[in-house]
file query.cif (mmCIF, C-alpha atoms)
data_target
#
loop_
_atom_site.label_atom_id
_atom_site.label_comp_id
_atom_site.auth_asym_id
_atom_site.auth_seq_id
_atom_site.Cartn_x
_atom_site.Cartn_y
_atom_site.Cartn_z
CA MET A 1185 104.06 -5.05 119.32
CA ARG A 1186 107.44 -6.30 120.51
CA GLU A 1187 106.01 -7.19 123.86
CA LEU A 1188 103.09 -8.96 122.21
CA LEU A 1189 105.37 -11.12 120.12
CA GLY A 1190 107.79 -11.67 123.00
CA GLN A 1191 105.00 -12.96 125.23
CA ALA A 1192 103.64 -15.05 122.36
CA TRP A 1193 107.04 -16.64 121.94
CA VAL A 1194 107.17 -17.51 125.65
CA VAL A 1195 103.84 -19.34 125.37
CA ALA A 1196 104.85 -21.05 122.14
CA ARG A 1197 108.18 -22.15 123.55
CA LYS A 1198 106.51 -23.59 126.63
CA ASP A 1199 104.16 -25.67 124.46
CA LEU A 1200 106.83 -26.79 122.04
CA VAL A 1201 109.26 -27.76 124.81
CA LEU A 1202 106.48 -29.77 126.42
CA GLU A 1203 105.72 -31.39 123.10
CA PHE A 1204 109.27 -32.27 122.16
CA ARG A 1205 110.05 -33.64 125.63
CA THR A 1206 107.09 -36.00 125.76
CA ARG A 1207 106.91 -36.59 122.02
CA THR A 1208 103.80 -38.77 122.38
CA ALA A 1209 101.43 -36.46 120.54
CA LEU A 1210 103.95 -35.52 117.89
CA LEU A 1211 104.95 -39.09 117.26
CA SER A 1212 101.37 -40.28 117.01
CA ALA A 1213 100.53 -37.45 114.60
CA VAL A 1214 103.50 -38.36 112.40
CA VAL A 1215 102.58 -42.05 112.44
CA PHE A 1216 98.98 -41.10 111.70
CA THR A 1217 100.12 -39.11 108.66
CA ALA A 1218 102.17 -42.02 107.38
CA LEU A 1219 99.23 -44.36 107.90
CA VAL A 1220 96.76 -42.10 106.09
CA LEU A 1221 99.13 -41.86 103.14
CA THR A 1222 99.42 -45.66 103.12
CA VAL A 1223 95.66 -46.05 103.28
CA PHE A 1224 95.29 -43.72 100.29
CA ASN A 1225 97.69 -45.91 98.37
CA PHE A 1226 95.38 -48.89 98.83
CA GLY A 1227 92.24 -46.84 98.40
CA ARG A 1228 92.79 -46.20 94.73
CA ASP A 1229 93.22 -48.23 91.58
CA PRO A 1230 96.65 -47.23 90.19
CA THR A 1231 95.82 -48.62 86.76
CA ALA A 1232 92.63 -46.56 86.47
CA VAL A 1233 93.59 -43.18 87.91
CA ALA A 1234 96.94 -41.53 87.32
CA THR A 1235 98.68 -40.62 90.59
CA ILE A 1236 99.22 -37.06 89.45
CA ASP A 1237 95.43 -36.54 89.28
CA LEU A 1238 94.92 -37.71 92.83
CA ALA A 1239 98.13 -36.47 94.39
CA PRO A 1240 97.02 -32.94 95.41
CA SER A 1241 93.88 -34.25 97.08
CA ILE A 1242 95.80 -36.98 98.90
CA LEU A 1243 98.34 -34.50 100.18
CA TRP A 1244 95.76 -32.04 101.44
CA VAL A 1245 93.32 -34.48 102.97
CA THR A 1246 96.23 -36.02 104.86
CA PHE A 1247 97.49 -32.66 106.08
CA THR A 1248 94.09 -31.43 107.21
CA PHE A 1249 93.37 -34.59 109.18
CA ALA A 1250 96.79 -34.46 110.79
CA ALA A 1251 96.27 -30.79 111.66
CA MET A 1252 92.92 -31.62 113.23
CA LEU A 1253 94.62 -34.15 115.52
CA ALA A 1254 97.20 -31.58 116.49
CA LEU A 1255 94.66 -28.86 117.18
CA ASN A 1256 92.57 -31.05 119.41
CA ARG A 1257 95.33 -31.19 121.95
CA ALA A 1258 96.31 -27.50 121.91
CA PHE A 1259 94.04 -26.53 124.80
CA GLN A 1260 93.39 -30.01 126.17
CA LEU A 1261 96.87 -29.67 127.58
CA GLU A 1262 95.88 -26.62 129.60
CA LEU A 1263 92.81 -28.19 131.15
CA GLU A 1264 94.82 -30.50 133.39
CA ASN A 1265 95.40 -29.08 136.86
CA GLY A 1266 93.68 -25.85 135.86
CA ALA A 1267 96.73 -24.72 133.89
CA LEU A 1268 94.57 -22.46 131.74
CA GLU A 1269 93.52 -20.45 134.80
CA GLY A 1270 97.21 -20.08 135.59
CA LEU A 1271 97.87 -18.69 132.14
CA LEU A 1272 94.90 -16.36 132.35
CA VAL A 1273 95.93 -14.79 135.66
CA SER A 1274 99.53 -14.39 134.55
CA PRO A 1275 100.45 -10.96 133.16
CA LEU A 1276 100.09 -12.19 129.57
CA SER A 1277 97.83 -10.35 127.20
CA ARG A 1278 95.08 -12.53 125.74
CA HIS A 1279 96.22 -11.73 122.25
CA SER A 1280 99.76 -12.94 122.90
CA LEU A 1281 98.37 -16.07 124.51
CA PHE A 1282 96.49 -16.75 121.29
CA LEU A 1283 99.44 -15.94 119.07
CA GLY A 1284 101.63 -18.18 121.22
CA LYS A 1285 99.23 -21.06 120.91
CA LEU A 1286 99.01 -20.39 117.18
CA LEU A 1287 102.80 -20.46 116.84
CA ALA A 1288 103.06 -23.69 118.83
CA ASN A 1289 100.37 -25.32 116.69
CA LEU A 1290 102.09 -24.12 113.54
CA GLY A 1291 105.33 -25.65 114.81
CA PHE A 1292 103.59 -28.91 115.56
CA VAL A 1293 101.73 -29.11 112.25
CA GLY A 1294 104.87 -27.93 110.44
CA VAL A 1295 106.87 -30.87 111.79
CA VAL A 1296 104.11 -33.28 110.78
CA GLU A 1297 104.04 -31.76 107.30
CA ALA A 1298 107.83 -31.83 107.03
CA VAL A 1299 107.67 -35.59 107.58
CA GLY A 1300 104.52 -36.04 105.50
CA LEU A 1301 105.77 -34.34 102.34
CA PRO A 1302 108.82 -36.59 101.76
CA LEU A 1303 106.68 -39.65 102.53
CA PHE A 1304 104.13 -38.43 100.02
CA VAL A 1305 106.85 -38.00 97.38
CA LEU A 1306 108.21 -41.44 98.17
CA PHE A 1307 104.89 -43.30 98.22
CA PHE A 1308 103.31 -41.69 95.19
CA ASN A 1309 106.40 -41.07 93.12
CA VAL A 1310 105.54 -37.45 92.46
CA SER A 1311 108.40 -35.25 91.38
CA VAL A 1312 108.34 -32.08 93.45
CA GLY A 1313 111.99 -31.09 92.96
CA PRO A 1314 111.51 -28.23 90.48
CA VAL A 1315 108.52 -26.77 92.34
CA LEU A 1316 109.66 -27.45 95.89
CA LEU A 1317 109.88 -23.81 96.99
CA PRO A 1318 106.48 -22.67 95.67
CA LEU A 1319 104.94 -25.89 97.01
CA ILE A 1320 106.32 -25.16 100.47
CA GLY A 1321 104.89 -21.66 100.11
CA VAL A 1322 101.43 -23.07 99.35
CA ILE A 1323 101.67 -25.47 102.27
CA ALA A 1324 102.79 -22.71 104.64
CA LEU A 1325 100.04 -20.30 103.57
CA ALA A 1326 97.27 -22.88 103.76
CA THR A 1327 98.51 -24.15 107.11
CA VAL A 1328 98.53 -20.68 108.66
CA GLY A 1329 94.94 -20.22 107.45
CA PHE A 1330 93.38 -23.29 108.94
CA VAL A 1331 95.54 -23.49 112.04
CA SER A 1332 94.51 -19.94 113.02
CA VAL A 1333 90.80 -20.78 112.87
CA GLY A 1334 91.52 -24.16 114.42
CA THR A 1335 93.37 -22.65 117.37
CA LEU A 1336 90.44 -20.35 118.10
CA PHE A 1337 87.96 -23.21 117.92
CA SER A 1338 90.09 -25.57 119.96
CA ALA A 1339 89.98 -23.01 122.77
CA MET A 1340 86.19 -23.18 122.61
CA VAL A 1341 85.63 -26.90 122.23
CA VAL A 1342 87.67 -27.96 125.27
CA ARG A 1343 84.84 -26.76 127.45
CA THR A 1344 82.10 -28.50 125.49
CA ARG A 1345 80.80 -32.03 125.57
CA PHE A 1346 82.31 -34.41 122.98
CA ALA A 1347 85.25 -32.03 122.41
CA GLU A 1348 87.15 -34.42 120.12
CA LEU A 1349 84.19 -34.69 117.79
CA MET A 1350 83.17 -31.06 118.07
CA LEU A 1351 86.38 -29.63 116.62
CA PRO A 1352 86.14 -31.37 113.23
CA VAL A 1353 82.43 -30.49 112.99
CA LEU A 1354 83.15 -26.80 113.58
CA LEU A 1355 86.40 -26.63 111.69
CA LEU A 1356 85.71 -28.57 108.48
CA PRO A 1357 83.46 -25.93 106.90
CA PHE A 1358 86.26 -23.43 107.51
CA LEU A 1359 88.92 -25.81 106.18
CA LEU A 1360 87.20 -26.48 102.88
CA LEU A 1361 87.98 -23.07 101.44
CA PRO A 1362 91.78 -22.93 102.05
CA LEU A 1363 91.83 -26.62 101.14
CA THR A 1364 90.22 -25.86 97.78
CA TYR A 1365 92.67 -23.04 97.09
CA ALA A 1366 95.62 -25.21 98.15
CA VAL A 1367 94.51 -28.18 96.05
CA GLN A 1368 94.09 -25.96 92.99
CA ALA A 1369 97.52 -24.42 93.50
CA THR A 1370 99.20 -27.77 94.21
CA ALA A 1371 97.62 -29.42 91.18
CA ARG A 1372 98.96 -26.67 88.91
CA LEU A 1373 102.40 -26.80 90.50
CA LEU A 1374 102.67 -30.57 90.20
CA ALA A 1375 101.47 -30.43 86.60
CA GLY A 1376 104.35 -28.08 85.87
CA ARG A 1377 102.17 -25.11 84.97
CA PRO A 1378 103.79 -21.67 85.06
CA LEU A 1379 103.83 -19.84 88.39
CA SER A 1380 101.60 -17.09 87.05
CA GLU A 1381 98.71 -19.60 87.09
CA VAL A 1382 99.32 -20.25 90.76
CA SER A 1383 99.76 -16.71 92.01
CA GLY A 1384 96.01 -16.02 92.10
CA TRP A 1385 95.45 -18.92 94.47
CA LEU A 1386 98.41 -17.83 96.58
CA LYS A 1387 96.89 -14.37 96.90
CA LEU A 1388 93.57 -15.85 97.99
CA LEU A 1389 95.33 -18.02 100.56
CA ALA A 1390 97.24 -15.00 101.83
CA ALA A 1391 94.01 -12.98 102.08
CA TYR A 1392 92.34 -15.83 103.98
CA ASP A 1393 95.32 -15.97 106.35
CA LEU A 1394 95.35 -12.24 107.03
CA VAL A 1395 91.63 -12.04 107.65
CA PHE A 1396 91.34 -15.12 109.82
CA VAL A 1397 94.48 -14.53 111.88
CA ALA A 1398 93.12 -11.06 112.63
CA VAL A 1399 89.55 -12.22 113.35
CA ALA A 1400 90.74 -15.13 115.51
CA THR A 1401 93.15 -12.94 117.49
CA LEU A 1402 90.41 -10.39 118.15
CA LEU A 1403 87.80 -12.99 119.11
CA PHE A 1404 90.03 -15.22 121.21
CA PRO A 1405 89.74 -13.22 124.48
CA HIS A 1406 85.98 -13.78 124.41
CA THR A 1407 86.42 -17.54 124.39
CA VAL A 1408 88.59 -17.76 127.52
CA ASP A 1409 87.45 -14.93 129.78
CA GLU A 1410 84.93 -15.68 132.46
CA MET B 1243 49.37 -10.66 123.23
CA ARG B 1244 52.33 -12.95 123.86
CA LEU B 1245 55.31 -12.95 121.55
CA ALA B 1246 54.81 -16.57 120.47
CA GLN B 1247 51.21 -15.83 119.56
CA LYS B 1248 52.15 -12.74 117.59
CA GLY B 1249 54.86 -14.72 115.82
CA ARG B 1250 52.38 -17.43 114.90
CA ARG B 1251 50.04 -14.85 113.39
CA VAL B 1252 52.81 -13.21 111.38
CA ALA B 1253 54.00 -16.59 110.11
CA LEU B 1254 50.45 -17.62 109.24
CA ALA B 1255 49.96 -14.37 107.34
CA GLY B 1256 53.26 -15.08 105.57
CA LEU B 1257 52.12 -18.55 104.54
CA LEU B 1258 48.81 -17.19 103.21
CA LEU B 1259 50.66 -14.51 101.27
CA LEU B 1260 53.01 -17.16 99.90
CA GLY B 1261 49.94 -18.99 98.62
CA GLY B 1262 48.88 -15.73 96.99
CA VAL B 1263 52.30 -15.27 95.39
CA TYR B 1264 52.05 -18.75 93.92
CA VAL B 1265 48.61 -18.10 92.50
CA ARG B 1266 50.17 -15.10 90.78
CA ALA B 1267 53.25 -17.08 89.76
CA LEU B 1268 51.29 -19.95 88.24
CA ALA B 1269 48.34 -18.11 86.70
CA PHE B 1270 49.41 -14.55 86.00
CA THR B 1271 53.15 -14.73 85.31
CA PRO B 1272 54.41 -15.81 81.88
CA VAL B 1273 55.99 -19.23 81.48
CA GLU B 1274 59.71 -19.07 80.85
CA ARG B 1275 60.55 -19.82 77.24
CA PHE B 1276 63.33 -22.40 77.69
CA GLN B 1277 62.66 -23.93 81.07
CA GLY B 1278 58.88 -24.16 80.96
CA PRO B 1279 56.96 -24.71 84.19
CA ALA B 1280 60.11 -25.86 86.04
CA GLN B 1281 61.13 -22.23 86.32
CA LYS B 1282 58.21 -21.54 88.69
CA ILE B 1283 60.25 -22.94 91.56
CA PHE B 1284 62.49 -19.90 91.13
CA TYR B 1285 60.01 -17.86 93.20
CA LEU B 1286 60.73 -20.12 96.19
CA HIS B 1287 64.37 -20.90 95.59
CA VAL B 1288 65.79 -17.40 95.13
CA PRO B 1289 63.97 -15.62 97.98
CA ALA B 1290 64.78 -18.54 100.31
CA ALA B 1291 68.48 -18.26 99.37
CA VAL B 1292 68.53 -14.51 99.94
CA THR B 1293 66.71 -14.86 103.27
CA THR B 1294 69.21 -17.53 104.37
CA GLU B 1295 72.10 -15.17 103.72
CA LEU B 1296 70.28 -12.37 105.49
CA ALA B 1297 69.69 -14.64 108.47
CA VAL B 1298 73.38 -15.57 108.64
CA ILE B 1299 74.52 -11.96 108.35
CA LEU B 1300 72.16 -11.03 111.18
CA VAL B 1301 73.56 -13.87 113.31
CA GLY B 1302 77.03 -12.39 112.78
CA LEU B 1303 75.92 -8.83 113.50
CA ALA B 1304 74.07 -9.93 116.61
CA GLY B 1305 77.28 -11.72 117.63
CA VAL B 1306 79.39 -8.57 117.25
CA PHE B 1307 76.95 -6.51 119.28
CA PHE B 1308 76.58 -9.25 121.86
CA LEU B 1309 80.31 -9.32 122.55
CA PHE B 1310 80.20 -5.57 123.27
CA LEU B 1311 76.88 -5.21 125.05
CA ARG B 1312 76.46 -8.67 126.62
CA ASP B 1313 72.72 -8.35 126.18
CA PRO B 1314 71.04 -11.79 126.32
CA ARG B 1315 68.34 -10.57 123.92
CA LEU B 1316 70.93 -10.37 121.15
CA ASP B 1317 71.97 -13.94 121.82
CA ARG B 1318 68.39 -15.17 121.74
CA PHE B 1319 67.87 -13.36 118.48
CA ALA B 1320 71.06 -14.91 117.00
CA GLU B 1321 69.92 -18.34 118.07
CA ALA B 1322 66.49 -17.82 116.53
CA SER B 1323 67.86 -16.32 113.33
CA ALA B 1324 70.33 -19.18 112.87
CA GLU B 1325 67.62 -21.77 113.27
CA VAL B 1326 65.26 -20.08 110.85
CA GLY B 1327 68.21 -19.64 108.48
CA THR B 1328 68.83 -23.38 108.64
CA VAL B 1329 65.25 -24.06 107.60
CA PHE B 1330 65.51 -21.63 104.68
CA ALA B 1331 68.84 -23.16 103.64
CA ALA B 1332 67.14 -26.55 103.65
CA ILE B 1333 64.45 -25.09 101.37
CA VAL B 1334 67.14 -23.83 98.99
CA LEU B 1335 68.90 -27.19 99.00
CA THR B 1336 65.62 -29.03 98.32
CA THR B 1337 64.15 -26.78 95.65
CA GLY B 1338 67.49 -26.52 93.83
CA PRO B 1339 67.80 -30.22 92.94
CA ILE B 1340 64.08 -30.43 92.09
CA TRP B 1341 64.74 -27.76 89.47
CA GLY B 1342 68.14 -29.16 88.54
CA LYS B 1343 66.88 -32.63 87.62
CA PRO B 1344 64.71 -31.55 84.66
CA ILE B 1345 66.87 -28.60 83.59
CA TRP B 1346 70.41 -29.87 84.12
CA GLY B 1347 69.61 -33.57 84.09
CA THR B 1348 71.19 -34.08 87.48
CA TRP B 1349 70.08 -33.58 91.07
CA TRP B 1350 73.39 -32.34 92.27
CA THR B 1351 76.66 -31.08 90.84
CA TRP B 1352 79.74 -29.88 92.72
CA ASP B 1353 79.30 -26.44 91.33
CA ALA B 1354 80.65 -23.48 93.29
CA ARG B 1355 77.24 -22.02 94.07
CA LEU B 1356 75.69 -25.31 95.12
CA THR B 1357 78.70 -26.17 97.20
CA SER B 1358 78.70 -22.77 98.87
CA THR B 1359 75.05 -23.17 99.88
CA LEU B 1360 75.88 -26.57 101.27
CA PHE B 1361 78.74 -24.94 103.19
CA LEU B 1362 76.33 -22.43 104.63
CA PHE B 1363 73.98 -25.22 105.67
CA PHE B 1364 76.82 -27.10 107.37
CA LEU B 1365 77.96 -23.92 109.09
CA LEU B 1366 74.48 -23.36 110.49
CA ILE B 1367 74.24 -26.98 111.60
CA SER B 1368 77.61 -26.76 113.36
CA TYR B 1369 76.42 -23.56 115.04
CA HIS B 1370 73.50 -25.49 116.56
CA VAL B 1371 75.74 -28.44 117.42
CA LEU B 1372 78.13 -26.13 119.27
CA ARG B 1373 75.32 -24.45 121.18
CA GLY B 1374 73.92 -27.82 122.13
CA ALA B 1375 77.27 -28.97 123.51
CA VAL B 1376 77.77 -26.08 125.96
CA THR B 1377 75.89 -26.31 129.24
CA ASP B 1378 76.68 -22.90 130.70
CA ALA B 1379 74.34 -20.22 129.30
CA GLY B 1380 76.88 -17.38 129.36
CA LEU B 1381 79.55 -19.48 127.70
CA ARG B 1382 77.06 -20.72 125.11
CA ALA B 1383 76.15 -17.17 124.17
CA ARG B 1384 79.79 -16.12 123.79
CA TYR B 1385 80.74 -19.21 121.79
CA GLY B 1386 77.72 -18.69 119.59
CA ALA B 1387 78.73 -15.09 118.96
CA VAL B 1388 82.33 -16.05 118.12
CA LEU B 1389 81.27 -18.79 115.72
CA GLY B 1390 78.61 -16.53 114.19
CA ILE B 1391 81.16 -13.81 113.44
CA CYS B 1392 83.61 -16.31 111.94
CA ALA B 1393 80.79 -17.74 109.84
CA VAL B 1394 79.91 -14.36 108.35
CA VAL B 1395 83.55 -13.70 107.48
CA LEU B 1396 83.73 -17.12 105.85
CA VAL B 1397 80.54 -16.49 103.88
CA GLY B 1398 82.15 -13.31 102.54
CA PHE B 1399 85.12 -15.32 101.36
CA ILE B 1400 82.93 -17.95 99.80
CA HIS B 1401 81.12 -15.26 97.85
CA LEU B 1402 84.40 -13.96 96.48
CA SER B 1403 85.46 -17.46 95.52
CA VAL B 1404 82.24 -18.37 93.78
CA TYR B 1405 83.13 -16.12 90.87
CA LEU B 1406 86.49 -17.86 90.37
CA PHE B 1407 85.15 -21.27 89.50
CA PRO B 1408 83.31 -22.21 86.32
CA THR B 1409 79.62 -22.56 87.06
CA LEU B 1410 76.52 -24.22 85.70
CA HIS B 1411 74.30 -22.14 87.93
CA PRO B 1412 72.31 -19.28 86.39
CA GLN B 1413 73.96 -15.94 87.03
CA PRO B 1414 72.28 -13.20 89.07
CA ILE B 1415 69.51 -11.59 87.05
CA VAL B 1416 68.16 -8.87 89.30
CA LEU B 1417 71.11 -7.38 91.17
CA ARG B 1418 73.54 -7.04 88.31
CA PRO B 1419 75.02 -4.15 86.38
CA GLY B 1420 72.49 -2.71 83.96
CA LYS B 1421 68.82 -3.58 83.78
CA PRO B 1422 67.34 -6.66 85.47
CA GLY B 1423 67.27 -9.55 82.99
CA VAL B 1424 63.71 -10.68 83.61
CA PRO B 1425 60.40 -9.42 82.20
CA PRO B 1426 58.57 -7.02 84.54
CA GLU B 1427 55.80 -9.55 85.42
CA MET B 1428 58.35 -12.08 86.64
CA LEU B 1429 60.30 -9.39 88.47
CA VAL B 1430 57.19 -8.21 90.32
CA THR B 1431 56.31 -11.78 91.32
CA LEU B 1432 59.87 -12.34 92.52
CA LEU B 1433 59.91 -9.14 94.55
CA MET B 1434 56.56 -10.02 96.11
CA SER B 1435 57.99 -13.39 97.05
CA PHE B 1436 61.00 -11.67 98.64
CA GLY B 1437 58.61 -9.62 100.75
CA VAL B 1438 56.68 -12.70 101.78
CA PHE B 1439 59.84 -14.52 102.78
CA LEU B 1440 60.81 -11.59 104.96
CA VAL B 1441 57.41 -11.79 106.67
CA LEU B 1442 57.91 -15.53 107.17
CA TYR B 1443 61.40 -14.93 108.54
CA VAL B 1444 60.11 -12.38 111.04
CA GLY B 1445 57.24 -14.64 112.09
CA PHE B 1446 59.45 -17.68 112.59
CA VAL B 1447 62.13 -15.71 114.44
CA MET B 1448 59.50 -14.28 116.80
CA GLN B 1449 58.27 -17.76 117.65
CA ARG B 1450 61.75 -19.17 118.06
CA TYR B 1451 62.73 -16.19 120.20
CA ALA B 1452 59.75 -16.87 122.43
CA ILE B 1453 60.95 -20.45 122.93
CA ALA B 1454 64.45 -19.23 123.87
CA LEU B 1455 62.89 -16.70 126.23
CA ARG B 1456 60.91 -19.40 128.00
CA ARG B 1457 63.93 -21.63 128.32
CA ASP B 1458 66.01 -18.80 129.82
CA ALA B 1459 63.20 -17.86 132.19
CA SER B 1460 62.78 -21.43 133.39
CA GLY B 1461 66.51 -21.69 134.06
CA HIS B 1462 66.82 -25.01 132.25
CA VAL B 1463 69.46 -25.62 129.62
#

call {"tool": "encode", "arguments": {"input": "query.cif", "output": "structure tokens"}}
result
Amino acid sequence: MRELLGQAWVVARKDLVLEFRTRTALLSAVVFTALVLTVFNFGRDPTAVATIDLAPSILWVTFTFAAMLALNRAFQLELENGALEGLLVSPLSRHSLFLGKLLANLGFVGVVEAVGLPLFVLFFNVSVGPVLLPLIGVIALATVGFVSVGTLFSAMVVRTRFAELMLPVLLLPFLLLPLTYAVQATARLLAGRPLSEVSGWLKLLAAYDLVFVAVATLLFPHTVDE
Amino acid sequence: MRLAQKGRRVALAGLLLLGGVYVRALAFTPVERFQGPAQKIFYLHVPAAVTTELAVILVGLAGVFFLFLRDPRLDRFAEASAEVGTVFAAIVLTTGPIWGKPIWGTWWTWDARLTSTLFLFFLLISYHVLRGAVTDAGLRARYGAVLGICAVVLVGFIHLSVYLFPTLHPQPIVLRPGKPGVPPEMLVTLLMSFGVFLVLYVGFVMQRYAIALRRDASGHV
């Protein structure tokens, strides 16, 4: 177990160092998030619909699209110069390779979300102060859920035609469920409902995470082995 | 006799039997008290929905076994089952609104059950899209298996979630605690229709399997 996580961390650190040194992908994902939030602002009639009714959907649609961008590049990176083959022949277990990629993607998406959330608060004037911690919990749980499935699929789509288009097509049906849970939980949090009304959704999100992290870790070796 | 030919015969028999079920449904099964004749579509809608789920579960199971045994027959079966499942899902999604318009007054509502069937349909479509985008046969089979397994897990989750949202959709009437909630004549017609849909499923899968077999034998993608 220790070795598994140690190896995973090595892979994750490699990806994150690469990401933070070039910054191109990260920066474009952050700018993309800001732009989507801006577009949402113009895509609604503020006099007709109260912001609080739309806010959870805006937040989650923005985050899922940003995550999709991030996931597309997770394995694209490894295709250049046959880097994936290098990783596969190295004495890394397949499971730690997957967990490493998952961690790196979580780091990437986490940074995008960390920038996106304050922008969301600023643009839509939603008060998140009193519910900040539970809201971060919801965001973290939902993100783990869809990034785990997304990491598995991004390993598959890099070797298909139209990879950039393929990932959203495969991933969106899997995103809808955690997205629904997260939107329900966020809506209740932002409306100031008691935490007991949210805990059910949190449990569902946690169950989704556990199941899909396990399934994706088990299935991942079959997507990369020859 | 070749597999495709056998499959055609089974499917043809299924279609004839389906005609028979509808003769029984229209002439010898009582008309539902509140919904009137619109309820007759139930004998298509419900068996098609159950067969879709069965098809998806079999895709997932075939996927699990394929990853262990690497037997191309399992992959061909998964491919065939997914495609037939897509057709049955399309039947569910067509007959549902036809019933919904007179009974609910709307073709579509974002109800949990309707949405989950739509999910299933999208999942099956993306399964075909993925298969179509991979050129290498071995890779295609493995990717198909992986996606099939994930899809079955997701369908399980969707089923759990369906009960959490308020619904307009009629609740299960046969497989529920206690006695089935339909009169025996309707139940018999429904069960016959289930049987017929299974025959149709088998017939279609046999034909689709034969196509996959030919493609693999010819060596083309």

call {"tool": "residues_around", "arguments": {"input": "query.cif", "residues": "Leu1287 in chain A", "least_positions_apart": "2", "cutoff": "8 Å", "atoms": "only C-alpha atoms", "output": "tab-separated table (two decimals) with C-alpha atoms, in the frame of the given file"}}
result
chain	number	residue	atom	x	y	z
A	1192	ALA	CA	103.64	-15.05	122.36
A	1193	TRP	CA	107.04	-16.64	121.94
A	1196	ALA	CA	104.85	-21.05	122.14
A	1283	LEU	CA	99.44	-15.94	119.07
A	1284	GLY	CA	101.63	-18.18	121.22
A	1285	LYS	CA	99.23	-21.06	120.91
A	1289	ASN	CA	100.37	-25.32	116.69
A	1290	LEU	CA	102.09	-24.12	113.54
A	1291	GLY	CA	105.33	-25.65	114.81

call {"tool": "residues_around", "arguments": {"input": "query.cif", "residues": "Val1299 in chain A", "least_positions_apart": "3", "cutoff": "9 Å", "atoms": "all atoms listed in the file", "output": "number ranges by chain"}}
result
A: 1214, 1217-1218, 1294-1296, 1302-1304

call {"tool": "residues_around", "arguments": {"input": "query.cif", "residues": "Val1408 in chain A", "least_positions_apart": "5", "cutoff": "10 Å", "atoms": "all atoms listed in the file", "output": "PyMOL selection string"}}
result
(chain A and resi 1268-1269+1272+1278+1336+1339-1340+1343+1403) or (chain B and resi 1381+1384-1385)

call {"tool": "residues_around", "arguments": {"input": "query.cif", "residues": "Thr1335 in chain A", "least_positions_apart": "6", "cutoff": "12 Å", "atoms": "all atoms listed in the file", "output": "compact mmCIF listing (two decimals) with C-alpha atoms, in the frame of the given file"}}
result
# COMPACT_ATOMS: atom_id res chain seq x y z
CA ALA A 1251 96.27 -30.79 111.66
CA MET A 1252 92.92 -31.62 113.23
CA LEU A 1253 94.62 -34.15 115.52
CA ALA A 1254 97.20 -31.58 116.49
CA LEU A 1255 94.66 -28.86 117.18
CA ASN A 1256 92.57 -31.05 119.41
CA ARG A 1257 95.33 -31.19 121.95
CA ALA A 1258 96.31 -27.50 121.91
CA PHE A 1259 94.04 -26.53 124.80
CA GLN A 1260 93.39 -30.01 126.17
CA LEU A 1281 98.37 -16.07 124.51
CA PHE A 1282 96.49 -16.75 121.29
CA LEU A 1283 99.44 -15.94 119.07
CA GLY A 1284 101.63 -18.18 121.22
CA LYS A 1285 99.23 -21.06 120.91
CA LEU A 1286 99.01 -20.39 117.18
CA LEU A 1287 102.80 -20.46 116.84
CA ALA A 1288 103.06 -23.69 118.83
CA ASN A 1289 100.37 -25.32 116.69
CA LEU A 1290 102.09 -24.12 113.54
CA VAL A 1293 101.73 -29.11 112.25
CA THR A 1327 98.51 -24.15 107.11
CA VAL A 1328 98.53 -20.68 108.66
CA GLY A 1329 94.94 -20.22 107.45
CA VAL A 1341 85.63 -26.90 122.23
CA VAL A 1342 87.67 -27.96 125.27
CA LEU A 1351 86.38 -29.63 116.62
CA LEU A 1354 83.15 -26.80 113.58
CA LEU A 1355 86.40 -26.63 111.69
CA PHE A 1396 91.34 -15.12 109.82
CA VAL A 1397 94.48 -14.53 111.88
CA VAL A 1399 89.55 -12.22 113.35
CA ALA A 1400 90.74 -15.13 115.51
CA THR A 1401 93.15 -12.94 117.49
CA LEU A 1403 87.80 -12.99 119.11
CA PHE A 1404 90.03 -15.22 121.21
CA THR A 1407 86.42 -17.54 124.39

call {"tool": "interface_residues", "arguments": {"input": "query.cif", "of": "chain B", "to": "chain A", "cutoff": "12 Å", "atoms": "only C-alpha atoms", "output": "ChimeraX atom specification"}}
result
/B:1305-1306,1308-1310,1312,1354,1357-1404,1406-1407

call {"tool": "closest_residue", "arguments": {"input": "query.cif", "among": "B:Val1444, B:Leu1254, B:Val1301, B:Val1334", "to": "Arg1318 in chain B", "atoms": "only C-alpha atoms"}}
result
B:Val1301

call {"tool": "axis_aligned_box", "arguments": {"input": "query.cif", "around": "range 1340-1346 of chain B", "padding_each_side": "3 Å", "output": "lines of an AutoDock Vina configuration file"}}
result
center_x = 67.2
center_y = -30.2
center_z = 87.8
size_x = 12.3
size_y = 10.9
size_z = 14.5

call {"tool": "atom_distance", "arguments": {"input": "query.cif", "atom1": "CA of Trp1244 in chain A", "atom2": "CA of Arg1197 in chain A"}}
result
27.2 Å

call {"tool": "closest_residue", "arguments": {"input": "query.cif", "among": "A:Val1194, A:Leu1349, A:Leu1221, A:Ala1239", "to": "Ala1371 in chain A", "atoms": "all atoms listed in the file"}}
result
A:Ala1239
